[in-house]
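Notes for the one structure printed next.
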Amino acid sequence: MQILVFVKPVPEAETRLRPTADGRRLDTDGVKFVLSGYDESAVEQALLLKEALPGTQVRAVTFGTSPRSEEVLRSALALGCDAATWVEAPTGSEPELRETVRALAAASRKFPAELYLLGQQSLDTEAGMVPTALAAALGLPGTNGAVNLRFDGSRQLLCFDRERGGEIESWEFPVPGVIGLKQAANDPRAAKLQNILKSRKLPIDRIPASELPAAVADAGTVRPALFTLPPARTGAKLIEYTSPEDAAHKLVRILREEAKVFP
Amino acid sequence: MPDFSLTEEQSSLREMARKFARSEMLPHAAECDRTARFPEEIYRKAWELGLMNLNVPTEFGGSGLSALDICLIVEELAYGCAGMTTSIIANCLALEPILLGGTPEQQHRFLDPFCASYQLASFCLTEPAGGSDAGAITTRAIRHGSGYQITGEKCFITNAPHASLYTVFATVDPKLQHRGITAFVVPRSAAGVQPGKDEEKMGHRASSTSTVRFEEVEVPEADRLGAEGEGFALAMRTLDQTRTPIGALATGIAQAALDHAGSYALKRRTFGKPIAEHQAIQIKLADMATKVHASRLLTWAAAARIDRGEAATLDSSIAKTYASEAAFQVADDAIQIHGGYGYMKEYPVEKLLRDAKLTQIYEGSNEIQRIVIARELLKQYA
Ligand SMILES: Cc1cc2nc3c(=O)[nH]c(=O)nc-3n(C[C@H](O)[C@H](O)[C@H](O)COP(=O)(O)OP(=O)(O)OC[C@H]3O[C@@H](n4cnc5c(N)ncnc54)[C@H](O)[C@@H]3O)c2cc1C
């Protein structure tokens, strides 16, 4: 079986992102990019399926710019993916939804697979559009928020679970198809030291986005016009109190009369 | 010109160790410190990821890293918890005599099965009456049949209660002093090997330290490392390799102390402004950062020299001595910057001071390092 797993580089969790001076983009200078947490779950799921079904090949694919694209692909290789493909975006550009779907769909045509896995959303924008849009672009069934993928006894039918309001739905899913994974749907493994060293020497296929046949109609791109930081939080107010009850009463009074949170 | 930049491989190793230290070690550091718990599950995970037998070549199942790679990893691990790091790298210390003094047959026989699963080893040199003066050890190796019988007591042995393998230094003839010292590999399973109870320690409390008693332990001649009398030199060559990572360990402690102090100084306000805006605090932070930076570069320089195959005794002694003293001073300053909160166990900085102290004592005390530094130095003027 062939599995394609799409991964996106996102700024490391502790990063403090700021807009550039002109406010047109986020300043990513010196920012470290890592595998998005949702995509880590997707990679882990792909590797679990690979372990369950001998002969399975897992290819990691990303669309974006250098060097963050190579870095996340190296991470995927170190975790155990068999191959890696980098669809190169023009330097300096921030991939936008439609461009991304176009690039990933074209890569999917180039490397046909039974399963296309990815995070249900990315950790940075949290838009959650790519899985559905990609499924539509490929004309395949797609779903989001899946956990615990496994094949039935005949190995023909893929099953997965989805949590909804405390219940667990179990689904059967026809392959080929596109599945967006929930974060921490599994306990993503850490790469072993030797595999990290080996992954540095493995090849990464590079495909300039411009060389890929258009897989979806070019409907133009939409980009954010301006980035601003949320206003700085203003000073906190300390409540003087004599007992917990006193503190609660004073807090309720302030919330009602000053902050007017409730009547 | 030296090039201080790291290769992509080195950056990714450092990244990996950082992630492990901050997600697996740091969250348990305070608890293990308080209760002196030996977190075996963390050590097992470190082994699974290849963070344990760092210096053992891959052909024997180790990670086969250079001295500089090892320093990069050890600094990151120590940032998470110095005590856990001491236990994680104790295998490097214990196995180094086999790497330096074992025959290829011995190396495969001992290391292949050892590295194939999670196991700990201990380096048994120090004795109640012979620490710095390693030539004065009294553990005896008496010729017995086709092999030896070892009898004596070691103390302050890292991981001893949990180890499956010991590298043991014993004398075949106390009259010969250091020329009588001989190295052996002794499995825990040998009759007469008795590790003692965990010592209560000031710091590095996630690590385990105890005595080991050897009571007429039979050791075949095939398990002797090198010739009789070569053990002292082997122990010294071993410490020449492992001293530099202690500099890296100290650097990790110091970096943690600096990070805590820096972010606290921005948050804590006195006299209407963050204490980071008082010049006295700024000067302290600047001095701390300078010491951390110098410690790191000294350890990298010593490690690079080892990796070039050059004699590194002077550089490694300088790095270990400087970094361990810097770590203590930086941790001390971090407590000072935290004021009364720094003195409280609820805050992480007082642990760093207790942890830093050990780096001035073990793997050759700083007084002994200064003897070494002066001796190497004076050779240049002779
Ligand atoms: C937590 C911990 C873990 C350890 N782990 C191990 C281990 O795994 N394996 C192992 O073999 N050992 C281990 N040790 C032992 C450690 O290496 C020794 O404690 C150290 O070498 C000092 O020896 P000592 O304690 O006997 O002190 P001593 O040698 O008695 O020294 C006492 C003081 O005198 C100073 N001094 C001694 N000689 C001189 C001199 N000639 N000139 C000037 N000053 C001198 C010393 O620097 C020290 O300040 C460990 C120790 C600790 C505390």
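Convention: chains lettered A, B, ... in structure tokens order; per-chain residue numbering from 1; ligands numbered from 1 as shown.
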Please identify all residues of chain B having at least one atom at most 12 Å from any atom of chain A, considering only C-alpha atoms, and return them as a PDB file with N, CA and C atoms, in the first residue's frame.
```pdb
ATOM      1  N   THR B   7      27.218  21.694  12.334  1.00  0.00           N
ATOM      2  CA  THR B   7      26.694  21.101  11.109  1.00  0.00           C
ATOM      3  C   THR B   7      25.196  20.853  11.297  1.00  0.00           C
ATOM      4  N   GLU B   8      24.517  20.547  10.176  1.00  0.00           N
ATOM      5  CA  GLU B   8      23.078  20.248  10.278  1.00  0.00           C
ATOM      6  C   GLU B   8      22.839  19.047  11.180  1.00  0.00           C
ATOM      7  N   GLU B   9      23.731  18.040  11.080  1.00  0.00           N
ATOM      8  CA  GLU B   9      23.591  16.856  11.942  1.00  0.00           C
ATOM      9  C   GLU B   9      23.670  17.270  13.402  1.00  0.00           C
ATOM     10  N   GLN B  10      24.670  18.098  13.708  1.00  0.00           N
ATOM     11  CA  GLN B  10      24.848  18.504  15.103  1.00  0.00           C
ATOM     12  C   GLN B  10      23.657  19.314  15.603  1.00  0.00           C
ATOM     13  N   SER B  11      23.154  20.199  14.747  1.00  0.00           N
ATOM     14  CA  SER B  11      21.984  20.979  15.159  1.00  0.00           C
ATOM     15  C   SER B  11      20.793  20.067  15.414  1.00  0.00           C
ATOM     16  N   SER B  12      20.648  19.042  14.587  1.00  0.00           N
ATOM     17  CA  SER B  12      19.467  18.193  14.779  1.00  0.00           C
ATOM     18  C   SER B  12      19.628  17.296  16.008  1.00  0.00           C
ATOM     19  N   LEU B  13      20.871  16.888  16.320  1.00  0.00           N
ATOM     20  CA  LEU B  13      21.080  16.124  17.563  1.00  0.00           C
ATOM     21  C   LEU B  13      20.767  16.993  18.772  1.00  0.00           C
ATOM     22  N   ARG B  14      21.221  18.230  18.704  1.00  0.00           N
ATOM     23  CA  ARG B  14      20.989  19.144  19.812  1.00  0.00           C
ATOM     24  C   ARG B  14      19.491  19.376  19.999  1.00  0.00           C
ATOM     25  N   GLU B  15      18.816  19.556  18.871  1.00  0.00           N
ATOM     26  CA  GLU B  15      17.369  19.763  18.877  1.00  0.00           C
ATOM     27  C   GLU B  15      16.654  18.576  19.525  1.00  0.00           C
ATOM     28  N   MET B  16      17.098  17.378  19.138  1.00  0.00           N
ATOM     29  CA  MET B  16      16.460  16.167  19.655  1.00  0.00           C
ATOM     30  C   MET B  16      16.649  16.081  21.168  1.00  0.00           C
ATOM     31  N   ALA B  17      17.893  16.326  21.624  1.00  0.00           N
ATOM     32  CA  ALA B  17      18.171  16.234  23.063  1.00  0.00           C
ATOM     33  C   ALA B  17      17.391  17.302  23.819  1.00  0.00           C
ATOM     34  N   LYS B  19      14.510  18.600  23.003  1.00  0.00           N
ATOM     35  CA  LYS B  19      13.114  18.188  23.073  1.00  0.00           C
ATOM     36  C   LYS B  19      12.930  17.127  24.169  1.00  0.00           C
ATOM     37  N   PHE B  20      13.845  16.162  24.180  1.00  0.00           N
ATOM     38  CA  PHE B  20      13.742  15.098  25.185  1.00  0.00           C
ATOM     39  C   PHE B  20      13.866  15.689  26.590  1.00  0.00           C
ATOM     40  N   SER B  23      10.671  17.857  27.401  1.00  0.00           N
ATOM     41  CA  SER B  23       9.357  17.213  27.487  1.00  0.00           C
ATOM     42  C   SER B  23       9.372  15.981  28.381  1.00  0.00           C
ATOM     43  N   GLU B  24      10.494  15.298  28.496  1.00  0.00           N
ATOM     44  CA  GLU B  24      10.526  14.065  29.288  1.00  0.00           C
ATOM     45  C   GLU B  24      11.204  14.241  30.652  1.00  0.00           C
ATOM     46  N   LYS B  45      13.556   5.306  28.320  1.00  0.00           N
ATOM     47  CA  LYS B  45      13.196   6.058  27.113  1.00  0.00           C
ATOM     48  C   LYS B  45      14.451   6.650  26.464  1.00  0.00           C
ATOM     49  N   ALA B  46      15.352   7.148  27.303  1.00  0.00           N
ATOM     50  CA  ALA B  46      16.609   7.699  26.775  1.00  0.00           C
ATOM     51  C   ALA B  46      17.364   6.614  26.011  1.00  0.00           C
ATOM     52  N   TRP B  47      17.365   5.416  26.567  1.00  0.00           N
ATOM     53  CA  TRP B  47      18.042   4.313  25.869  1.00  0.00           C
ATOM     54  C   TRP B  47      17.354   4.030  24.540  1.00  0.00           C
ATOM     55  N   GLU B  48      16.011   3.964  24.565  1.00  0.00           N
ATOM     56  CA  GLU B  48      15.261   3.644  23.343  1.00  0.00           C
ATOM     57  C   GLU B  48      15.581   4.625  22.220  1.00  0.00           C
ATOM     58  N   LEU B  49      15.774   5.891  22.589  1.00  0.00           N
ATOM     59  CA  LEU B  49      16.025   6.904  21.560  1.00  0.00           C
ATOM     60  C   LEU B  49      17.495   6.989  21.165  1.00  0.00           C
ATOM     61  N   GLY B  50      18.352   6.226  21.844  1.00  0.00           N
ATOM     62  CA  GLY B  50      19.776   6.268  21.500  1.00  0.00           C
ATOM     63  C   GLY B  50      20.541   7.327  22.262  1.00  0.00           C
ATOM     64  N   LEU B  51      20.002   7.791  23.399  1.00  0.00           N
ATOM     65  CA  LEU B  51      20.677   8.845  24.162  1.00  0.00           C
ATOM     66  C   LEU B  51      21.540   8.281  25.294  1.00  0.00           C
ATOM     67  N   MET B  52      21.699   6.974  25.349  1.00  0.00           N
ATOM     68  CA  MET B  52      22.378   6.391  26.504  1.00  0.00           C
ATOM     69  C   MET B  52      23.845   6.059  26.229  1.00  0.00           C
ATOM     70  N   ASN B  53      24.114   5.177  25.299  1.00  0.00           N
ATOM     71  CA  ASN B  53      25.500   4.741  25.087  1.00  0.00           C
ATOM     72  C   ASN B  53      26.135   5.572  23.974  1.00  0.00           C
ATOM     73  N   LEU B  54      26.246   6.860  24.254  1.00  0.00           N
ATOM     74  CA  LEU B  54      26.598   7.826  23.220  1.00  0.00           C
ATOM     75  C   LEU B  54      27.972   7.586  22.609  1.00  0.00           C
ATOM     76  N   PRO B  57      30.713   2.848  19.707  1.00  0.00           N
ATOM     77  CA  PRO B  57      30.539   2.819  18.247  1.00  0.00           C
ATOM     78  C   PRO B  57      29.292   2.027  17.835  1.00  0.00           C
ATOM     79  N   THR B  58      28.729   2.392  16.683  1.00  0.00           N
ATOM     80  CA  THR B  58      27.490   1.745  16.230  1.00  0.00           C
ATOM     81  C   THR B  58      27.697   0.242  16.009  1.00  0.00           C
ATOM     82  N   GLY B  61      26.442  -1.425  18.809  1.00  0.00           N
ATOM     83  CA  GLY B  61      25.071  -1.102  19.202  1.00  0.00           C
ATOM     84  C   GLY B  61      24.912   0.228  19.928  1.00  0.00           C
ATOM     85  N   GLY B  62      25.996   1.017  19.973  1.00  0.00           N
ATOM     86  CA  GLY B  62      25.898   2.330  20.603  1.00  0.00           C
ATOM     87  C   GLY B  62      25.569   3.400  19.582  1.00  0.00           C
ATOM     88  N   SER B  63      25.716   4.668  19.997  1.00  0.00           N
ATOM     89  CA  SER B  63      25.351   5.759  19.106  1.00  0.00           C
ATOM     90  C   SER B  63      26.534   6.292  18.300  1.00  0.00           C
ATOM     91  N   GLY B  64      27.765   5.950  18.723  1.00  0.00           N
ATOM     92  CA  GLY B  64      28.942   6.274  17.930  1.00  0.00           C
ATOM     93  C   GLY B  64      29.153   7.753  17.678  1.00  0.00           C
ATOM     94  N   LEU B  65      28.972   8.559  18.694  1.00  0.00           N
ATOM     95  CA  LEU B  65      29.073  10.005  18.487  1.00  0.00           C
ATOM     96  C   LEU B  65      30.475  10.538  18.794  1.00  0.00           C
ATOM     97  N   ASP B  69      29.625  16.070  19.592  1.00  0.00           N
ATOM     98  CA  ASP B  69      28.209  15.663  19.573  1.00  0.00           C
ATOM     99  C   ASP B  69      27.746  15.350  20.999  1.00  0.00           C
ATOM    100  N   ILE B  70      28.570  14.612  21.724  1.00  0.00           N
ATOM    101  CA  ILE B  70      28.201  14.205  23.083  1.00  0.00           C
ATOM    102  C   ILE B  70      28.016  15.445  23.963  1.00  0.00           C
ATOM    103  N   ILE B  73      24.722  17.182  23.310  1.00  0.00           N
ATOM    104  CA  ILE B  73      23.587  16.449  23.887  1.00  0.00           C
ATOM    105  C   ILE B  73      23.574  16.594  25.406  1.00  0.00           C
TER     106      ILE B  73
END
```
message = I'd like the neighbourhood of Ala105 of chain A as a PyMOL selection string, where a residue qualifies if any of its atoms comes within 12 Å (using only C-alpha atoms), though same-chain residues fewer than 3 positions away should be ignored.
response = chain A and resi 4+6+61-63+87+97-102+108-113+116+130-140+178+209+212-217
Could you dump the residues just selected with N, CA, C and O atoms as a short mmCIF file (atom, residue, chain, number, x, y, z; two decimals), in the first residue's frame?
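selection.cif written:
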```cif
data_model
loop_
_atom_site.label_atom_id
_atom_site.label_comp_id
_atom_site.auth_asym_id
_atom_site.auth_seq_id
_atom_site.Cartn_x
_atom_site.Cartn_y
_atom_site.Cartn_z
N LEU A 4 0.42 8.66 1.28
CA LEU A 4 1.03 9.99 1.20
C LEU A 4 0.64 10.73 2.47
O LEU A 4 -0.54 10.72 2.85
N PHE A 6 0.87 14.47 4.22
CA PHE A 6 1.23 15.87 3.96
C PHE A 6 1.58 16.55 5.28
O PHE A 6 0.86 16.40 6.27
N VAL A 61 5.09 14.65 2.10
CA VAL A 61 5.07 15.70 1.08
C VAL A 61 4.82 17.03 1.77
O VAL A 61 3.97 17.12 2.67
N THR A 62 5.57 18.04 1.37
CA THR A 62 5.27 19.38 1.86
C THR A 62 5.32 20.36 0.71
O THR A 62 5.98 20.12 -0.30
N PHE A 63 4.63 21.46 0.88
CA PHE A 63 4.67 22.54 -0.11
C PHE A 63 5.11 23.79 0.63
O PHE A 63 4.53 24.14 1.67
N VAL A 87 7.53 20.16 -2.68
CA VAL A 87 7.04 21.00 -3.78
C VAL A 87 7.44 22.43 -3.43
O VAL A 87 6.95 22.98 -2.45
N LEU A 97 -3.97 29.01 0.74
CA LEU A 97 -4.81 27.80 0.67
C LEU A 97 -4.89 27.20 -0.73
O LEU A 97 -4.60 26.04 -0.94
N ARG A 98 -5.30 28.04 -1.70
CA ARG A 98 -5.51 27.47 -3.04
C ARG A 98 -4.22 26.97 -3.65
O ARG A 98 -4.19 25.92 -4.28
N GLU A 99 -3.14 27.75 -3.46
CA GLU A 99 -1.84 27.30 -3.98
C GLU A 99 -1.46 25.98 -3.34
O GLU A 99 -0.93 25.08 -4.00
N THR A 100 -1.70 25.90 -2.04
CA THR A 100 -1.33 24.68 -1.32
C THR A 100 -2.11 23.49 -1.86
O THR A 100 -1.53 22.44 -2.17
N VAL A 101 -3.40 23.65 -2.00
CA VAL A 101 -4.23 22.54 -2.48
C VAL A 101 -3.80 22.16 -3.90
O VAL A 101 -3.69 20.98 -4.23
N ARG A 102 -3.53 23.16 -4.71
CA ARG A 102 -3.09 22.88 -6.08
C ARG A 102 -1.79 22.07 -6.06
O ARG A 102 -1.65 21.07 -6.76
N SER A 108 -0.15 14.58 -5.48
CA SER A 108 -0.93 13.35 -5.31
C SER A 108 -1.12 12.63 -6.64
O SER A 108 -1.15 11.41 -6.69
N ARG A 109 -1.27 13.40 -7.70
CA ARG A 109 -1.39 12.77 -9.03
C ARG A 109 -0.07 12.12 -9.42
O ARG A 109 -0.04 11.09 -10.06
N LYS A 110 1.02 12.77 -9.03
CA LYS A 110 2.34 12.25 -9.40
C LYS A 110 2.68 10.98 -8.61
O LYS A 110 3.34 10.09 -9.11
N PHE A 111 2.24 10.93 -7.35
CA PHE A 111 2.51 9.76 -6.51
C PHE A 111 1.18 9.18 -6.04
O PHE A 111 0.79 9.36 -4.88
N PRO A 112 0.48 8.46 -6.92
CA PRO A 112 -0.84 7.96 -6.54
C PRO A 112 -0.74 7.04 -5.33
O PRO A 112 0.20 6.25 -5.22
N ALA A 113 -1.70 7.17 -4.42
CA ALA A 113 -1.66 6.38 -3.19
C ALA A 113 -3.07 5.94 -2.84
O ALA A 113 -4.06 6.44 -3.39
N TYR A 116 -4.39 9.32 1.63
CA TYR A 116 -3.75 10.63 1.73
C TYR A 116 -4.05 11.14 3.13
O TYR A 116 -5.20 11.45 3.44
N VAL A 130 -7.64 22.52 4.27
CA VAL A 130 -6.91 21.75 3.26
C VAL A 130 -7.47 20.32 3.07
O VAL A 130 -7.65 19.90 1.93
N PRO A 131 -7.78 19.56 4.13
CA PRO A 131 -8.23 18.18 3.89
C PRO A 131 -9.45 18.13 2.98
O PRO A 131 -9.47 17.37 2.00
N THR A 132 -10.44 18.94 3.27
CA THR A 132 -11.67 18.91 2.48
C THR A 132 -11.42 19.43 1.07
O THR A 132 -11.88 18.84 0.09
N ALA A 133 -10.70 20.55 0.98
CA ALA A 133 -10.43 21.13 -0.33
C ALA A 133 -9.61 20.17 -1.18
O ALA A 133 -9.84 20.04 -2.39
N LEU A 134 -8.67 19.47 -0.55
CA LEU A 134 -7.83 18.54 -1.30
C LEU A 134 -8.67 17.37 -1.80
O LEU A 134 -8.53 16.93 -2.96
N ALA A 135 -9.54 16.85 -0.93
CA ALA A 135 -10.41 15.74 -1.35
C ALA A 135 -11.26 16.18 -2.54
O ALA A 135 -11.40 15.45 -3.53
N ALA A 136 -11.78 17.40 -2.47
CA ALA A 136 -12.61 17.90 -3.57
C ALA A 136 -11.79 18.02 -4.84
O ALA A 136 -12.23 17.61 -5.93
N ALA A 137 -10.56 18.55 -4.70
CA ALA A 137 -9.71 18.74 -5.88
C ALA A 137 -9.38 17.40 -6.52
O ALA A 137 -9.27 17.29 -7.74
N LEU A 138 -9.21 16.37 -5.70
CA LEU A 138 -8.84 15.06 -6.24
C LEU A 138 -10.07 14.25 -6.63
O LEU A 138 -9.95 13.17 -7.19
N GLY A 139 -11.25 14.75 -6.28
CA GLY A 139 -12.47 13.99 -6.56
C GLY A 139 -12.55 12.72 -5.74
O GLY A 139 -13.06 11.70 -6.19
N LEU A 140 -12.03 12.77 -4.51
CA LEU A 140 -12.02 11.59 -3.63
C LEU A 140 -12.85 11.87 -2.39
O LEU A 140 -13.05 13.02 -2.03
N VAL A 178 -9.02 10.87 1.38
CA VAL A 178 -8.23 11.86 2.12
C VAL A 178 -8.75 11.93 3.56
O VAL A 178 -9.95 12.10 3.76
N ALA A 209 7.02 24.09 -7.89
CA ALA A 209 5.56 24.10 -8.03
C ALA A 209 5.16 24.44 -9.46
O ALA A 209 4.19 23.91 -9.99
N LEU A 212 4.63 21.51 -11.88
CA LEU A 212 3.57 20.53 -11.69
C LEU A 212 2.38 20.90 -12.56
O LEU A 212 2.03 22.08 -12.66
N PRO A 213 1.76 19.88 -13.19
CA PRO A 213 0.56 20.20 -13.96
C PRO A 213 -0.53 20.70 -13.01
O PRO A 213 -0.62 20.23 -11.88
N ALA A 214 -1.28 21.65 -13.47
CA ALA A 214 -2.34 22.17 -12.62
C ALA A 214 -3.37 21.07 -12.39
O ALA A 214 -3.85 20.46 -13.32
N ALA A 215 -3.66 20.79 -11.13
CA ALA A 215 -4.61 19.73 -10.82
C ALA A 215 -5.99 20.30 -10.58
O ALA A 215 -6.99 19.60 -10.64
N VAL A 216 -6.02 21.57 -10.25
CA VAL A 216 -7.33 22.22 -10.06
C VAL A 216 -7.29 23.53 -10.83
O VAL A 216 -6.23 24.07 -11.08
N ALA A 217 -8.44 23.98 -11.18
CA ALA A 217 -8.51 25.24 -11.92
C ALA A 217 -7.89 26.35 -11.08
O ALA A 217 -8.07 26.39 -9.87
#
```
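Residues of protein or nucleic acid lying within 6 Å of ligand 1, counting only C-alpha atoms and all ligand atoms, are Ser122, Phe123, Cys124, Leu125, Thr126, Gly130, Gly131, Ser132, Asp133, Phe156, Ile157, Thr158, Thr209, Ile361, Tyr362, Glu363, Gly364, Ser365, Asn366, Glu367 and Ile368 of chain B.
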Output the selection as an mmCIF file, in the first residue's frame - C-alpha atoms for each residue.
```cif
data_model
loop_
_atom_site.group_PDB
_atom_site.id
_atom_site.type_symbol
_atom_site.label_atom_id
_atom_site.label_comp_id
_atom_site.auth_asym_id
_atom_site.auth_seq_id
_atom_site.Cartn_x
_atom_site.Cartn_y
_atom_site.Cartn_z
ATOM 1 C CA SER B 122 28.963 1.549 36.679
ATOM 2 C CA PHE B 123 32.533 2.785 36.782
ATOM 3 C CA CYS B 124 34.062 1.548 40.051
ATOM 4 C CA LEU B 125 37.228 3.432 40.905
ATOM 5 C CA THR B 126 36.608 5.497 44.055
ATOM 6 C CA GLY B 130 41.048 6.542 47.751
ATOM 7 C CA GLY B 131 39.174 9.199 45.774
ATOM 8 C CA SER B 132 41.482 11.814 44.316
ATOM 9 C CA ASP B 133 44.390 9.564 45.240
ATOM 10 C CA PHE B 156 30.070 6.871 45.596
ATOM 11 C CA ILE B 157 29.395 4.687 42.568
ATOM 12 C CA THR B 158 26.815 6.154 40.200
ATOM 13 C CA THR B 209 24.866 6.518 44.181
ATOM 14 C CA ILE B 361 33.866 17.403 42.821
ATOM 15 C CA TYR B 362 33.345 14.337 40.658
ATOM 16 C CA GLU B 363 35.318 13.065 37.664
ATOM 17 C CA GLY B 364 38.405 14.595 39.257
ATOM 18 C CA SER B 365 37.906 17.411 41.777
ATOM 19 C CA ASN B 366 38.763 20.926 40.662
ATOM 20 C CA GLU B 367 41.809 20.914 42.945
ATOM 21 C CA ILE B 368 43.079 17.866 41.071
#
```
Who sits within 12 Å of Phe160 of chain A, only C-alpha atoms, same chain under 5 positions skipped, as a PyMOL selection string = chain A and resi 45+49+143-152+168-174+179-182+185
Surrounding residues of Val175 of chain A excluding itself and chain neighbours under 3 positions, 9 Å, only C-alpha atoms, as a PyMOL selection string = chain A and resi 114-115+140-141+156-158+178
key: alpha helix (DSSP H) positions in segment 121-171 of chain A, given as a PyMOL selection string   = chain A and resi 130-138
Any chance you can output those residues with all heavy atoms as a PDB file, in the first residue's frame?
```
ATOM      1  N   VAL A 130      -7.641  22.524   4.267  1.00  0.00           N
ATOM      2  CA  VAL A 130      -6.914  21.746   3.261  1.00  0.00           C
ATOM      3  C   VAL A 130      -7.465  20.322   3.072  1.00  0.00           C
ATOM      4  O   VAL A 130      -7.653  19.904   1.928  1.00  0.00           O
ATOM      5  CB  VAL A 130      -5.390  21.745   3.560  1.00  0.00           C
ATOM      6  CG1 VAL A 130      -4.653  20.816   2.612  1.00  0.00           C
ATOM      7  CG2 VAL A 130      -4.842  23.154   3.437  1.00  0.00           C
ATOM      8  N   PRO A 131      -7.775  19.561   4.134  1.00  0.00           N
ATOM      9  CA  PRO A 131      -8.228  18.183   3.889  1.00  0.00           C
ATOM     10  C   PRO A 131      -9.452  18.128   2.980  1.00  0.00           C
ATOM     11  O   PRO A 131      -9.475  17.372   2.001  1.00  0.00           O
ATOM     12  CB  PRO A 131      -8.544  17.659   5.293  1.00  0.00           C
ATOM     13  CG  PRO A 131      -7.697  18.477   6.199  1.00  0.00           C
ATOM     14  CD  PRO A 131      -7.646  19.841   5.579  1.00  0.00           C
ATOM     15  N   THR A 132     -10.442  18.938   3.272  1.00  0.00           N
ATOM     16  CA  THR A 132     -11.671  18.907   2.482  1.00  0.00           C
ATOM     17  C   THR A 132     -11.422  19.428   1.074  1.00  0.00           C
ATOM     18  O   THR A 132     -11.878  18.842   0.087  1.00  0.00           O
ATOM     19  CB  THR A 132     -12.749  19.786   3.164  1.00  0.00           C
ATOM     20  OG1 THR A 132     -12.500  19.776   4.563  1.00  0.00           O
ATOM     21  CG2 THR A 132     -14.117  19.275   2.866  1.00  0.00           C
ATOM     22  N   ALA A 133     -10.697  20.547   0.985  1.00  0.00           N
ATOM     23  CA  ALA A 133     -10.426  21.132  -0.328  1.00  0.00           C
ATOM     24  C   ALA A 133      -9.608  20.170  -1.183  1.00  0.00           C
ATOM     25  O   ALA A 133      -9.842  20.041  -2.390  1.00  0.00           O
ATOM     26  CB  ALA A 133      -9.691  22.464  -0.161  1.00  0.00           C
ATOM     27  N   LEU A 134      -8.666  19.472  -0.550  1.00  0.00           N
ATOM     28  CA  LEU A 134      -7.827  18.537  -1.302  1.00  0.00           C
ATOM     29  C   LEU A 134      -8.668  17.368  -1.803  1.00  0.00           C
ATOM     30  O   LEU A 134      -8.531  16.935  -2.957  1.00  0.00           O
ATOM     31  CB  LEU A 134      -6.680  18.048  -0.407  1.00  0.00           C
ATOM     32  CG  LEU A 134      -5.710  17.059  -1.053  1.00  0.00           C
ATOM     33  CD1 LEU A 134      -5.001  17.690  -2.249  1.00  0.00           C
ATOM     34  CD2 LEU A 134      -4.679  16.572  -0.038  1.00  0.00           C
ATOM     35  N   ALA A 135      -9.539  16.847  -0.933  1.00  0.00           N
ATOM     36  CA  ALA A 135     -10.407  15.744  -1.352  1.00  0.00           C
ATOM     37  C   ALA A 135     -11.257  16.176  -2.544  1.00  0.00           C
ATOM     38  O   ALA A 135     -11.405  15.449  -3.531  1.00  0.00           O
ATOM     39  CB  ALA A 135     -11.290  15.301  -0.187  1.00  0.00           C
ATOM     40  N   ALA A 136     -11.782  17.397  -2.469  1.00  0.00           N
ATOM     41  CA  ALA A 136     -12.611  17.895  -3.570  1.00  0.00           C
ATOM     42  C   ALA A 136     -11.795  18.015  -4.843  1.00  0.00           C
ATOM     43  O   ALA A 136     -12.229  17.610  -5.929  1.00  0.00           O
ATOM     44  CB  ALA A 136     -13.212  19.248  -3.178  1.00  0.00           C
ATOM     45  N   ALA A 137     -10.559  18.550  -4.701  1.00  0.00           N
ATOM     46  CA  ALA A 137      -9.708  18.736  -5.876  1.00  0.00           C
ATOM     47  C   ALA A 137      -9.376  17.395  -6.522  1.00  0.00           C
ATOM     48  O   ALA A 137      -9.275  17.290  -7.738  1.00  0.00           O
ATOM     49  CB  ALA A 137      -8.427  19.465  -5.486  1.00  0.00           C
ATOM     50  N   LEU A 138      -9.215  16.374  -5.696  1.00  0.00           N
ATOM     51  CA  LEU A 138      -8.842  15.063  -6.235  1.00  0.00           C
ATOM     52  C   LEU A 138     -10.073  14.250  -6.626  1.00  0.00           C
ATOM     53  O   LEU A 138      -9.949  13.166  -7.191  1.00  0.00           O
ATOM     54  CB  LEU A 138      -8.029  14.275  -5.187  1.00  0.00           C
ATOM     55  CG  LEU A 138      -6.629  14.820  -4.863  1.00  0.00           C
ATOM     56  CD1 LEU A 138      -6.015  14.045  -3.708  1.00  0.00           C
ATOM     57  CD2 LEU A 138      -5.733  14.731  -6.091  1.00  0.00           C
TER      58      LEU A 138
END
```
message = If DSSP is run on the backbone, what residues of segment 140-353 of chain B are strand (DSSP E)? A reply as a PyMOL selection string would be ideal.
response = chain B and resi 140-144+147-158+165-171+181-187+193-195+209-220+224-225+269-270+273-274
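We find atom CA of Pro174 of chain B and atom CA of Pro220 of chain B to be spaced 20.6 Å apart.
Between atom CA of Phe227 of chain A and atom CA of Thr20 of chain A the separation is 8.2 Å.
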